[in-house]
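File shown: target_39.txt. Contents: compact mmCIF, C-alpha atoms and all ligand atoms.
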# COMPACT_ATOMS: atom_id res chain seq x y z
CA MET A 100 0.00 0.00 0.00
CA ALA A 101 1.19 3.53 -0.74
CA GLU A 102 -0.02 6.83 0.56
CA LEU A 103 0.60 10.46 -0.29
CA LYS A 104 -0.97 13.82 0.38
CA VAL A 105 -2.19 16.65 -1.79
CA GLU A 106 -1.07 19.72 0.15
CA LEU A 107 -3.73 22.41 -0.07
CA GLY A 108 -3.89 23.84 3.46
CA GLU A 109 -7.16 23.01 5.18
CA ARG A 110 -8.35 21.31 1.96
CA SER A 111 -5.43 18.84 1.95
CA TYR A 112 -6.32 15.20 1.44
CA ARG A 113 -4.81 11.73 1.28
CA ILE A 114 -4.45 9.51 -1.76
CA VAL A 115 -4.20 5.84 -0.82
CA ILE A 116 -3.25 3.24 -3.45
CA GLY A 117 -3.33 -0.44 -2.58
CA SER A 118 -4.44 -3.96 -3.38
CA ASP A 119 -7.62 -5.43 -1.89
CA ILE A 120 -8.57 -2.24 -0.03
CA LEU A 121 -12.07 -1.65 -1.45
CA ASP A 122 -13.79 -3.18 1.55
CA LYS A 123 -11.95 -0.81 3.91
CA ILE A 124 -13.66 2.26 2.49
CA GLY A 125 -16.32 2.25 5.24
CA GLU A 126 -13.91 2.68 8.13
CA GLN A 127 -12.00 5.35 6.16
CA ALA A 128 -15.21 7.28 5.48
CA LYS A 129 -16.16 6.98 9.16
CA GLY A 130 -12.91 8.71 10.11
CA LEU A 131 -13.85 11.72 7.96
CA GLY A 132 -16.75 12.80 10.18
CA PHE A 133 -19.65 12.57 7.70
CA SER A 134 -23.25 12.19 8.87
CA ARG A 135 -24.83 8.71 8.70
CA ARG A 136 -26.57 9.20 5.36
CA ILE A 137 -24.07 8.71 2.52
CA GLY A 138 -24.63 8.71 -1.25
CA LEU A 139 -22.90 6.15 -3.48
CA ILE A 140 -22.78 7.26 -7.13
CA SER A 141 -21.80 4.76 -9.81
CA ASN A 142 -22.89 3.21 -13.10
CA PRO A 143 -24.35 -0.29 -13.67
CA THR A 144 -21.06 -1.67 -15.08
CA VAL A 145 -18.90 -0.71 -12.13
CA TYR A 146 -21.65 -1.13 -9.56
CA GLY A 147 -22.22 -4.70 -10.81
CA LEU A 148 -18.57 -5.50 -10.18
CA TYR A 149 -17.75 -3.56 -7.01
CA GLY A 150 -20.92 -1.93 -5.70
CA LYS A 151 -21.81 -4.58 -3.17
CA ALA A 152 -18.32 -4.64 -1.59
CA VAL A 153 -18.42 -0.85 -1.18
CA GLU A 154 -22.02 -0.76 0.09
CA ASP A 155 -21.36 -3.56 2.58
CA SER A 156 -18.24 -1.83 3.86
CA LEU A 157 -20.12 1.45 4.31
CA LYS A 158 -23.05 -0.27 6.02
CA TYR A 159 -20.73 -2.19 8.32
CA ALA A 160 -19.17 1.13 9.34
CA GLY A 161 -22.64 2.37 10.33
CA PHE A 162 -23.69 4.35 7.25
CA ASN A 163 -27.15 4.43 5.73
CA VAL A 164 -26.19 4.06 2.04
CA ILE A 165 -28.24 5.68 -0.72
CA THR A 166 -27.12 4.36 -4.10
CA VAL A 167 -27.72 6.36 -7.28
CA LEU A 168 -26.71 4.87 -10.64
CA ILE A 169 -26.41 6.75 -13.91
CA PRO A 170 -26.06 5.01 -17.27
CA ASP A 171 -22.54 4.09 -18.42
CA GLY A 172 -21.04 6.54 -20.90
CA GLU A 173 -19.55 9.97 -21.51
CA GLU A 174 -22.87 11.08 -23.05
CA TYR A 175 -24.49 10.92 -19.59
CA LYS A 176 -21.95 13.28 -18.02
CA ASN A 177 -24.34 16.19 -18.43
CA LEU A 178 -26.61 18.58 -16.54
CA THR A 179 -29.67 16.35 -17.03
CA TRP A 180 -28.03 13.49 -15.16
CA ALA A 181 -26.52 15.84 -12.57
CA SER A 182 -30.06 17.09 -11.96
CA ASN A 183 -31.36 13.52 -11.68
CA ILE A 184 -28.73 12.87 -9.01
CA TYR A 185 -29.72 16.08 -7.12
CA GLY A 186 -33.33 14.86 -7.24
CA GLU A 187 -32.50 11.49 -5.69
CA LEU A 188 -30.35 13.09 -2.99
CA LEU A 189 -33.13 15.55 -2.11
CA LYS A 190 -35.83 12.86 -2.05
CA LEU A 191 -33.69 10.72 0.20
CA ARG A 192 -32.86 13.73 2.39
CA LEU A 193 -29.11 13.87 2.22
CA ASP A 194 -28.12 16.85 4.36
CA ARG A 195 -25.23 19.27 4.45
CA ALA A 196 -23.12 16.90 6.55
CA SER A 197 -23.71 13.97 4.18
CA ALA A 198 -21.05 12.92 1.69
CA LEU A 199 -20.93 11.30 -1.74
CA ILE A 200 -18.72 8.42 -2.83
CA ALA A 201 -17.77 8.34 -6.54
CA LEU A 202 -17.25 4.70 -7.55
CA GLY A 203 -16.08 4.47 -11.17
CA GLY A 204 -13.89 6.03 -13.83
CA GLY A 205 -13.43 9.67 -14.75
CA VAL A 206 -17.03 10.11 -15.91
CA ILE A 207 -18.46 9.13 -12.51
CA GLY A 208 -15.71 11.03 -10.67
CA ASP A 209 -16.30 14.25 -12.64
CA ILE A 210 -20.10 14.31 -12.33
CA THR A 211 -20.07 13.24 -8.66
CA GLY A 212 -17.53 15.94 -7.82
CA PHE A 213 -19.68 18.49 -9.66
CA VAL A 214 -22.84 17.44 -7.83
CA ALA A 215 -20.98 17.40 -4.47
CA SER A 216 -19.66 20.91 -5.09
CA THR A 217 -23.13 22.32 -5.76
CA TYR A 218 -25.59 20.23 -3.70
CA MET A 219 -26.65 22.41 -0.74
CA ARG A 220 -23.75 24.73 -1.64
CA GLY A 221 -21.20 21.95 -1.31
CA ILE A 222 -20.92 18.64 0.55
CA SER A 223 -17.90 16.36 0.96
CA PHE A 224 -17.03 13.63 -1.50
CA VAL A 225 -14.62 10.72 -1.80
CA GLN A 226 -13.10 9.43 -5.02
CA VAL A 227 -12.92 5.65 -5.44
CA PRO A 228 -11.40 5.51 -8.95
CA THR A 229 -11.67 2.21 -10.85
CA THR A 230 -9.95 3.00 -14.18
CA LEU A 231 -6.23 3.60 -14.59
CA LEU A 232 -6.97 7.04 -16.05
CA ALA A 233 -9.01 7.94 -12.99
CA GLN A 234 -6.38 6.53 -10.59
CA VAL A 235 -3.51 8.52 -12.12
CA ASP A 236 -5.31 11.65 -13.26
CA SER A 237 -8.99 12.52 -12.97
CA SER A 238 -9.59 11.61 -9.30
CA VAL A 239 -6.77 13.92 -8.20
CA GLY A 240 -6.68 17.70 -8.39
CA GLY A 241 -10.31 18.76 -8.01
CA LYS A 242 -11.42 19.49 -11.55
CA THR A 243 -15.07 18.48 -11.65
CA GLY A 244 -17.57 18.95 -14.41
CA VAL A 245 -20.12 17.94 -16.97
CA ASN A 246 -20.36 18.33 -20.73
CA HIS A 247 -22.58 20.85 -22.54
CA PRO A 248 -23.88 20.43 -26.10
CA LEU A 249 -21.54 23.28 -27.06
CA GLY A 250 -18.41 21.75 -25.53
CA LYS A 251 -16.84 18.99 -23.46
CA ASN A 252 -16.20 19.74 -19.76
CA MET A 253 -17.52 23.28 -20.26
CA ILE A 254 -19.52 23.40 -17.01
CA GLY A 255 -17.61 22.68 -13.84
CA THR A 256 -15.93 23.67 -10.61
CA PHE A 257 -12.63 23.32 -8.80
CA TYR A 258 -13.59 21.25 -5.77
CA GLN A 259 -11.24 18.87 -4.00
CA PRO A 260 -12.29 15.45 -2.66
CA GLY A 261 -11.79 14.57 1.00
CA LEU A 262 -9.98 11.33 0.14
CA VAL A 263 -8.89 9.32 -2.92
CA TRP A 264 -9.08 5.56 -2.29
CA ALA A 265 -7.64 3.59 -5.24
CA ASP A 266 -7.75 -0.21 -5.28
CA ILE A 267 -5.50 -1.57 -8.06
CA ASP A 268 -7.39 -4.87 -8.05
CA THR A 269 -10.29 -3.13 -9.78
CA LEU A 270 -8.04 -2.78 -12.85
CA LYS A 271 -8.23 -6.58 -13.36
CA THR A 272 -11.69 -6.19 -14.90
CA LEU A 273 -10.89 -3.08 -16.91
CA PRO A 274 -10.92 -3.67 -20.69
CA ARG A 275 -7.33 -3.75 -21.99
CA ARG A 276 -7.95 -0.84 -24.35
CA GLU A 277 -9.00 1.33 -21.37
CA LEU A 278 -5.91 0.21 -19.44
CA LEU A 279 -3.61 1.19 -22.31
CA ALA A 280 -5.38 4.54 -22.71
CA GLY A 281 -4.67 5.20 -19.02
CA MET A 282 -0.99 4.39 -19.68
CA ALA A 283 -0.83 7.37 -22.06
CA GLU A 284 -1.34 9.70 -19.07
CA VAL A 285 1.37 7.86 -17.11
CA ILE A 286 3.76 8.28 -20.05
CA LYS A 287 2.79 11.98 -20.06
CA TYR A 288 4.03 12.37 -16.45
CA GLY A 289 7.34 10.79 -17.44
CA VAL A 290 7.83 13.20 -20.34
CA ILE A 291 6.79 16.38 -18.51
CA TRP A 292 8.39 15.77 -15.12
CA ASP A 293 10.23 12.54 -14.41
CA ARG A 294 12.86 10.90 -16.61
CA GLU A 295 13.22 8.02 -14.10
CA LEU A 296 9.51 7.23 -14.41
CA PHE A 297 9.88 7.27 -18.21
CA GLU A 298 12.81 4.83 -18.00
CA PHE A 299 10.89 2.63 -15.53
CA LEU A 300 8.06 2.42 -18.08
CA GLU A 301 10.55 1.49 -20.81
CA LYS A 302 11.95 -1.38 -18.72
CA ASN A 303 8.83 -2.79 -17.02
CA MET A 304 6.11 -3.02 -19.66
CA ASP A 305 5.39 -6.74 -19.12
CA SER A 306 4.96 -6.55 -15.37
CA ILE A 307 2.95 -3.32 -15.56
CA LEU A 308 0.53 -4.64 -18.17
CA THR A 309 0.08 -7.93 -16.31
CA LEU A 310 -0.85 -5.76 -13.31
CA ALA A 311 1.95 -6.91 -11.00
CA PRO A 312 1.18 -5.00 -7.77
CA LEU A 313 4.59 -3.49 -7.00
CA PRO A 314 5.35 -1.81 -10.35
CA LEU A 315 1.70 -0.86 -10.76
CA ILE A 316 1.48 0.83 -7.36
CA HIS A 317 4.83 2.51 -8.10
CA ILE A 318 3.69 4.12 -11.37
CA ILE A 319 0.27 5.14 -9.99
CA LYS A 320 1.85 6.65 -6.88
CA ARG A 321 4.52 8.49 -8.89
CA SER A 322 1.84 9.86 -11.27
CA CYS A 323 -0.27 11.05 -8.32
CA GLU A 324 2.79 12.58 -6.62
CA ILE A 325 3.58 14.60 -9.73
CA LYS A 326 -0.02 15.73 -10.17
CA ALA A 327 -0.28 16.53 -6.43
CA GLU A 328 2.86 18.66 -6.55
CA VAL A 329 1.68 20.57 -9.62
CA VAL A 330 -1.84 21.07 -8.23
CA SER A 331 -0.61 22.22 -4.83
CA LYS A 332 1.46 24.92 -6.57
CA ASP A 333 -1.22 25.99 -9.06
CA GLU A 334 -4.65 24.61 -8.17
CA ARG A 335 -6.61 26.87 -10.55
CA GLU A 336 -4.33 26.56 -13.57
CA THR A 337 -3.03 30.09 -13.73
CA GLY A 338 0.34 28.81 -14.97
CA LEU A 339 2.21 25.61 -14.04
CA ARG A 340 -0.83 23.28 -14.08
CA ALA A 341 -1.06 23.79 -17.84
CA ILE A 342 1.92 21.40 -18.25
CA LEU A 343 -0.49 18.56 -17.47
CA ASN A 344 -1.99 19.32 -20.87
CA PHE A 345 1.04 18.04 -22.82
CA GLY A 346 -0.32 16.15 -25.83
CA HIS A 347 -3.81 17.50 -25.18
CA THR A 348 -3.88 20.43 -27.64
CA ILE A 349 -3.45 18.12 -30.62
CA GLY A 350 -5.25 15.31 -28.76
CA HIS A 351 -8.41 17.37 -28.26
CA ALA A 352 -8.38 18.34 -31.94
CA VAL A 353 -8.09 14.64 -32.87
CA GLU A 354 -11.10 13.88 -30.65
CA THR A 355 -13.09 16.72 -32.21
CA VAL A 356 -12.38 15.86 -35.86
CA THR A 357 -13.14 12.18 -35.27
CA GLY A 358 -16.42 13.01 -33.50
CA TYR A 359 -15.33 11.56 -30.11
CA THR A 360 -16.01 8.03 -31.34
CA ALA A 361 -12.81 6.71 -32.96
CA TYR A 362 -10.43 7.21 -30.04
CA LEU A 363 -10.46 6.99 -26.27
CA HIS A 364 -9.17 10.19 -24.67
CA GLY A 365 -5.80 8.60 -23.76
CA GLU A 366 -5.34 7.32 -27.31
CA ALA A 367 -5.92 10.81 -28.73
CA VAL A 368 -3.45 12.20 -26.16
CA ALA A 369 -0.88 9.60 -27.30
CA ILE A 370 -1.17 10.88 -30.88
CA GLY A 371 -0.97 14.42 -29.50
CA MET A 372 2.19 13.67 -27.51
CA ASN A 373 3.98 12.27 -30.57
CA ILE A 374 3.02 15.21 -32.77
CA GLU A 375 3.78 17.82 -30.09
CA ALA A 376 7.19 16.16 -29.50
CA ARG A 377 7.84 16.49 -33.24
CA LEU A 378 6.74 20.14 -33.07
CA SER A 379 9.26 20.66 -30.28
CA ALA A 380 12.00 19.13 -32.46
CA LEU A 381 10.94 21.34 -35.37
CA LEU A 382 11.55 24.32 -33.10
CA ASN A 383 14.96 22.89 -32.12
CA LEU A 384 13.89 22.42 -28.51
CA LEU A 385 13.96 18.59 -28.42
CA SER A 386 16.45 16.16 -29.95
CA SER A 387 15.22 13.77 -32.63
CA ALA A 388 16.55 10.91 -30.45
CA ASP A 389 14.08 11.92 -27.70
CA VAL A 390 11.24 12.22 -30.24
CA ASP A 391 11.98 8.63 -31.27
CA ARG A 392 12.11 7.48 -27.65
CA ILE A 393 8.68 8.96 -26.92
CA LYS A 394 7.24 7.35 -30.04
CA SER A 395 8.83 3.99 -29.14
CA LEU A 396 7.33 4.07 -25.64
CA LEU A 397 3.87 4.82 -27.06
CA THR A 398 4.32 1.88 -29.43
CA LEU A 399 5.50 -0.38 -26.60
CA TYR A 400 2.22 0.26 -24.77
CA GLY A 401 0.15 -0.39 -27.90
CA LEU A 402 -0.91 3.23 -28.29
CA PRO A 403 -1.52 5.05 -31.57
CA TYR A 404 0.89 7.86 -32.44
CA GLU A 405 -0.03 9.07 -35.93
CA LEU A 406 -2.99 11.08 -37.15
CA PRO A 407 -5.62 8.79 -38.64
CA VAL A 408 -5.56 8.45 -42.41
CA GLY A 409 -7.90 10.89 -44.10
CA ILE A 410 -7.77 13.50 -41.35
CA GLY A 411 -6.59 16.55 -43.19
CA LYS A 412 -4.35 19.23 -41.82
CA ASP A 413 -7.08 21.82 -42.45
CA ASN A 414 -9.61 19.91 -40.32
CA MET A 415 -7.10 19.74 -37.50
CA LEU A 416 -6.28 23.43 -37.75
CA SER A 417 -9.92 24.42 -37.72
CA ALA A 418 -10.54 22.14 -34.71
CA MET A 419 -7.75 24.05 -33.01
CA LYS A 420 -9.57 27.23 -34.06
CA ILE A 421 -6.84 28.28 -36.45
CA ASP A 422 -8.36 29.37 -39.71
CA LYS A 423 -6.32 30.24 -42.74
CA LYS A 424 -6.53 33.98 -42.02
CA ALA A 425 -5.14 33.43 -38.53
CA LEU A 426 -2.16 31.45 -39.77
CA ALA A 427 0.08 34.35 -38.88
CA GLY A 428 -1.11 34.07 -35.27
CA GLU A 429 0.38 32.15 -32.35
CA MET A 430 -0.76 29.33 -30.08
CA ARG A 431 0.58 28.13 -26.73
CA PHE A 432 1.90 24.57 -26.50
CA VAL A 433 3.49 22.50 -23.76
CA LEU A 434 6.72 21.38 -25.42
CA PRO A 435 9.33 18.92 -24.12
CA GLU A 436 12.93 20.16 -24.01
CA LYS A 437 14.16 16.74 -22.94
CA ILE A 438 12.51 13.71 -21.38
CA GLY A 439 11.46 14.87 -17.91
CA SER A 440 11.15 18.58 -18.63
CA VAL A 441 8.78 20.79 -20.61
CA LYS A 442 8.14 24.46 -21.17
CA LEU A 443 5.16 26.51 -22.24
CA GLU A 444 5.93 28.05 -25.59
CA LYS A 445 4.16 30.28 -28.06
CA VAL A 446 4.22 28.63 -31.48
CA SER A 447 3.34 30.27 -34.75
CA ALA A 448 0.38 28.69 -36.50
CA ASP A 449 2.44 28.02 -39.62
CA LYS A 450 4.82 25.80 -37.59
CA VAL A 451 1.77 23.90 -36.30
CA SER A 452 0.60 23.62 -39.86
CA GLU A 453 4.03 22.32 -40.93
CA VAL A 454 4.14 19.57 -38.29
CA LEU A 455 0.66 18.40 -39.25
CA ARG A 456 1.60 18.08 -42.89
P1 LIG B 1 -14.99 6.14 -18.01
O1 LIG B 1 -15.30 6.71 -16.70
O2 LIG B 1 -15.99 6.30 -19.09
O3 LIG B 1 -14.65 4.59 -17.84
C1 LIG B 1 -14.34 3.84 -18.99
C2 LIG B 1 -15.19 2.58 -19.08
O4 LIG B 1 -14.70 1.62 -18.16
C3 LIG B 1 -16.65 2.78 -18.72
O5 LIG B 1 -17.44 1.97 -19.56
C4 LIG B 1 -16.73 2.27 -17.29
O6 LIG B 1 -18.02 1.83 -16.91
C5 LIG B 1 -15.75 1.14 -17.33
N1 LIG B 1 -15.11 0.79 -16.06
C6 LIG B 1 -14.68 1.62 -15.10
N2 LIG B 1 -14.01 0.94 -14.17
C7 LIG B 1 -14.04 -0.35 -14.55
C8 LIG B 1 -13.51 -1.53 -14.00
N3 LIG B 1 -12.74 -1.51 -12.90
N4 LIG B 1 -13.74 -2.70 -14.63
C9 LIG B 1 -14.47 -2.73 -15.79
N5 LIG B 1 -14.97 -1.64 -16.36
C10 LIG B 1 -14.76 -0.46 -15.75
O7 LIG B 1 -13.61 6.72 -18.61
P2 LIG B 1 -12.26 7.24 -17.94
O8 LIG B 1 -11.23 7.10 -18.97
O9 LIG B 1 -12.03 6.67 -16.59
O10 LIG B 1 -12.56 8.79 -17.71
C11 LIG B 1 -12.81 9.66 -18.78
C12 LIG B 1 -13.45 10.90 -18.23
O11 LIG B 1 -12.55 11.53 -17.32
C13 LIG B 1 -13.80 11.95 -19.28
O12 LIG B 1 -15.11 12.42 -19.03
C14 LIG B 1 -12.78 13.04 -19.06
O13 LIG B 1 -13.28 14.32 -19.39
C15 LIG B 1 -12.54 12.92 -17.58
N6 LIG B 1 -11.23 13.44 -17.12
C16 LIG B 1 -11.24 14.28 -16.06
C17 LIG B 1 -10.05 14.77 -15.57
C18 LIG B 1 -10.05 15.66 -14.37
O14 LIG B 1 -8.99 16.20 -14.00
N7 LIG B 1 -11.18 15.84 -13.72
C19 LIG B 1 -8.83 14.39 -16.16
C20 LIG B 1 -8.86 13.51 -17.23
C21 LIG B 1 -10.07 13.02 -17.70
N1 LIG B 2 -6.10 16.65 -16.37
C1 LIG B 2 -5.45 17.93 -16.29
C2 LIG B 2 -5.67 18.62 -15.00
O1 LIG B 2 -6.25 18.10 -14.08
O2 LIG B 2 -5.28 19.76 -14.88
Using structure tokens, write down the structure from this file.
Amino acid sequence: MAELKVELGERSYRIVIGSDILDKIGEQAKGLGFSRRIGLISNPTVYGLYGKAVEDSLKYAGFNVITVLIPDGEEYKNLTWASNIYGELLKLRLDRASALIALGGGVIGDITGFVASTYMRGISFVQVPTTLLAQVDSSVGGKTGVNHPLGKNMIGTFYQPGLVWADIDTLKTLPRRELLAGMAEVIKYGVIWDRELFEFLEKNMDSILTLAPLPLIHIIKRSCEIKAEVVSKDERETGLRAILNFGHTIGHAVETVTGYTAYLHGEAVAIGMNIEARLSALLNLLSSADVDRIKSLLTLYGLPYELPVGIGKDNMLSAMKIDKKALAGEMRFVLPEKIGSVKLEKVSADKVSEVLR
């Protein structure tokens, strides 16, 4: 088991990562001083696998558990389903001292955090992440939110959980494609912050992907430590936190032009990281040897790294809101200078255009 802390003054909280710890969530929640009525938010997929263990643990610790399920899928991370959750919580009389438990991946974590931050002007919540992406990224740092028809994650709050409780055993049931997509975010931490983590990923692919506990806990803990350090320095993304978006500028454009159906978020970020590394080399910031190393690591973890065939440069530029007239303009990118270090750099739109060619 590993434990670390996100240092944010009186809003600091623990992240605990371990094997076979799901049924200890009740006693942990008890220690946080919530009232007896507690809301468990999940979806039928995750609830079917882990709901009973979590409910039993909470009941055993003395809680009266109110379970609210929303359908499985990104398309349900919206205000309609947030409102449905509010309705259930109100009907079942959760009060201001009640708390919510988010049991699931990033979709459940984001919507639960959003509801917790707004229900009765804010109640506590606990993240119990069950995807690799959620364990290394979305459950940590307090970005909550829902999608709007006009844009993904456009409605949201900064609101920190009271605890993150990550059981690596839940990853045993995660589809392999989802596991690999989560690895893209782990690779991201290696590139932006930690050369040793990057090298560890290069050397330990087999044991990581077979979910051997020690290397798995190591990479999840290291990812959370990096995110915790960045978030504690810049919670509201006025500067440093933007480095967590390495690979995301191109990645988001890939998601947009492919209609959010062809790629999982982590896969699009993998493509983004390769192209943004090449952009960095084009600007003479990164060696071509390091570009190759990043591409090789993405390949090792079975991730895509090239733009899909048929996706034109112009579509990508317009998804990044660069039209032809604005080609003289500039955009900000997170660019690696070497493995383990990045900087925020203004890039002219014609260089972006050149790397997409
Ligand atoms: P997800 O929550 O949709 O989960 C992926 C799939 O795996 C779902 O079908 C889910 O039901 C299933 N699943 C979850 N755990 C499982 C398990 N243990 N076994 C079997 N199946 C399981 O996707 P995700 O990748 O976890 O999260 C993506 C979301 O996270 C997006 O909405 C994205 O915007 C958000 N996000 C938020 C942040 C943040 O900082 N708040 C950061 C990154 C991503
Ligand atoms: N996923 C990026 C962030 O939390 O800032």
Edge lengths and centre, in Å to one decimal, as lines of an AutoDock Vina configuration file: that's what I need for the box along x, y and z that holds all listed atoms of segment 428-444 of chain A plus 8 Å on each side.
center_x = 6.5
center_y = 23.9
center_z = -26.6
size_x = 31.3
size_y = 36.4
size_z = 33.4
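Atom pair atom CA of Arg135 of chain A / atom CA of Asp155 of chain A: separated by 14.1 Å.
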Contacts with ligand LIG 2 (chain B) at most 9 Å, all atoms listed in the file counted, listed as a list in words: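 I would give the residues around ligand LIG 2 (chain B) as Asp236, Ser237, Ser238, Val239, Gly240, Gly241, Lys242, Glu284, Lys326, Val329, Val330, Glu334, Arg335, Glu336, Arg340, Ala341, Ile342, Leu343 and Asn344 of chain A.
In this comparison, which uses all atoms listed in the file, the residue of A:Ala160, A:Val454, A:Ile254, A:Ala233 approaching Ile349 of chain A most closely is A:Val454.
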Quick one: residues within 7 Å of ligand LIG 1 (chain B), with all atoms listed in the file, as a ChimeraX atom specification? /A:142,144-145,171-173,176,203-207,209,229-233,236-243,252,269-274,277,281,364
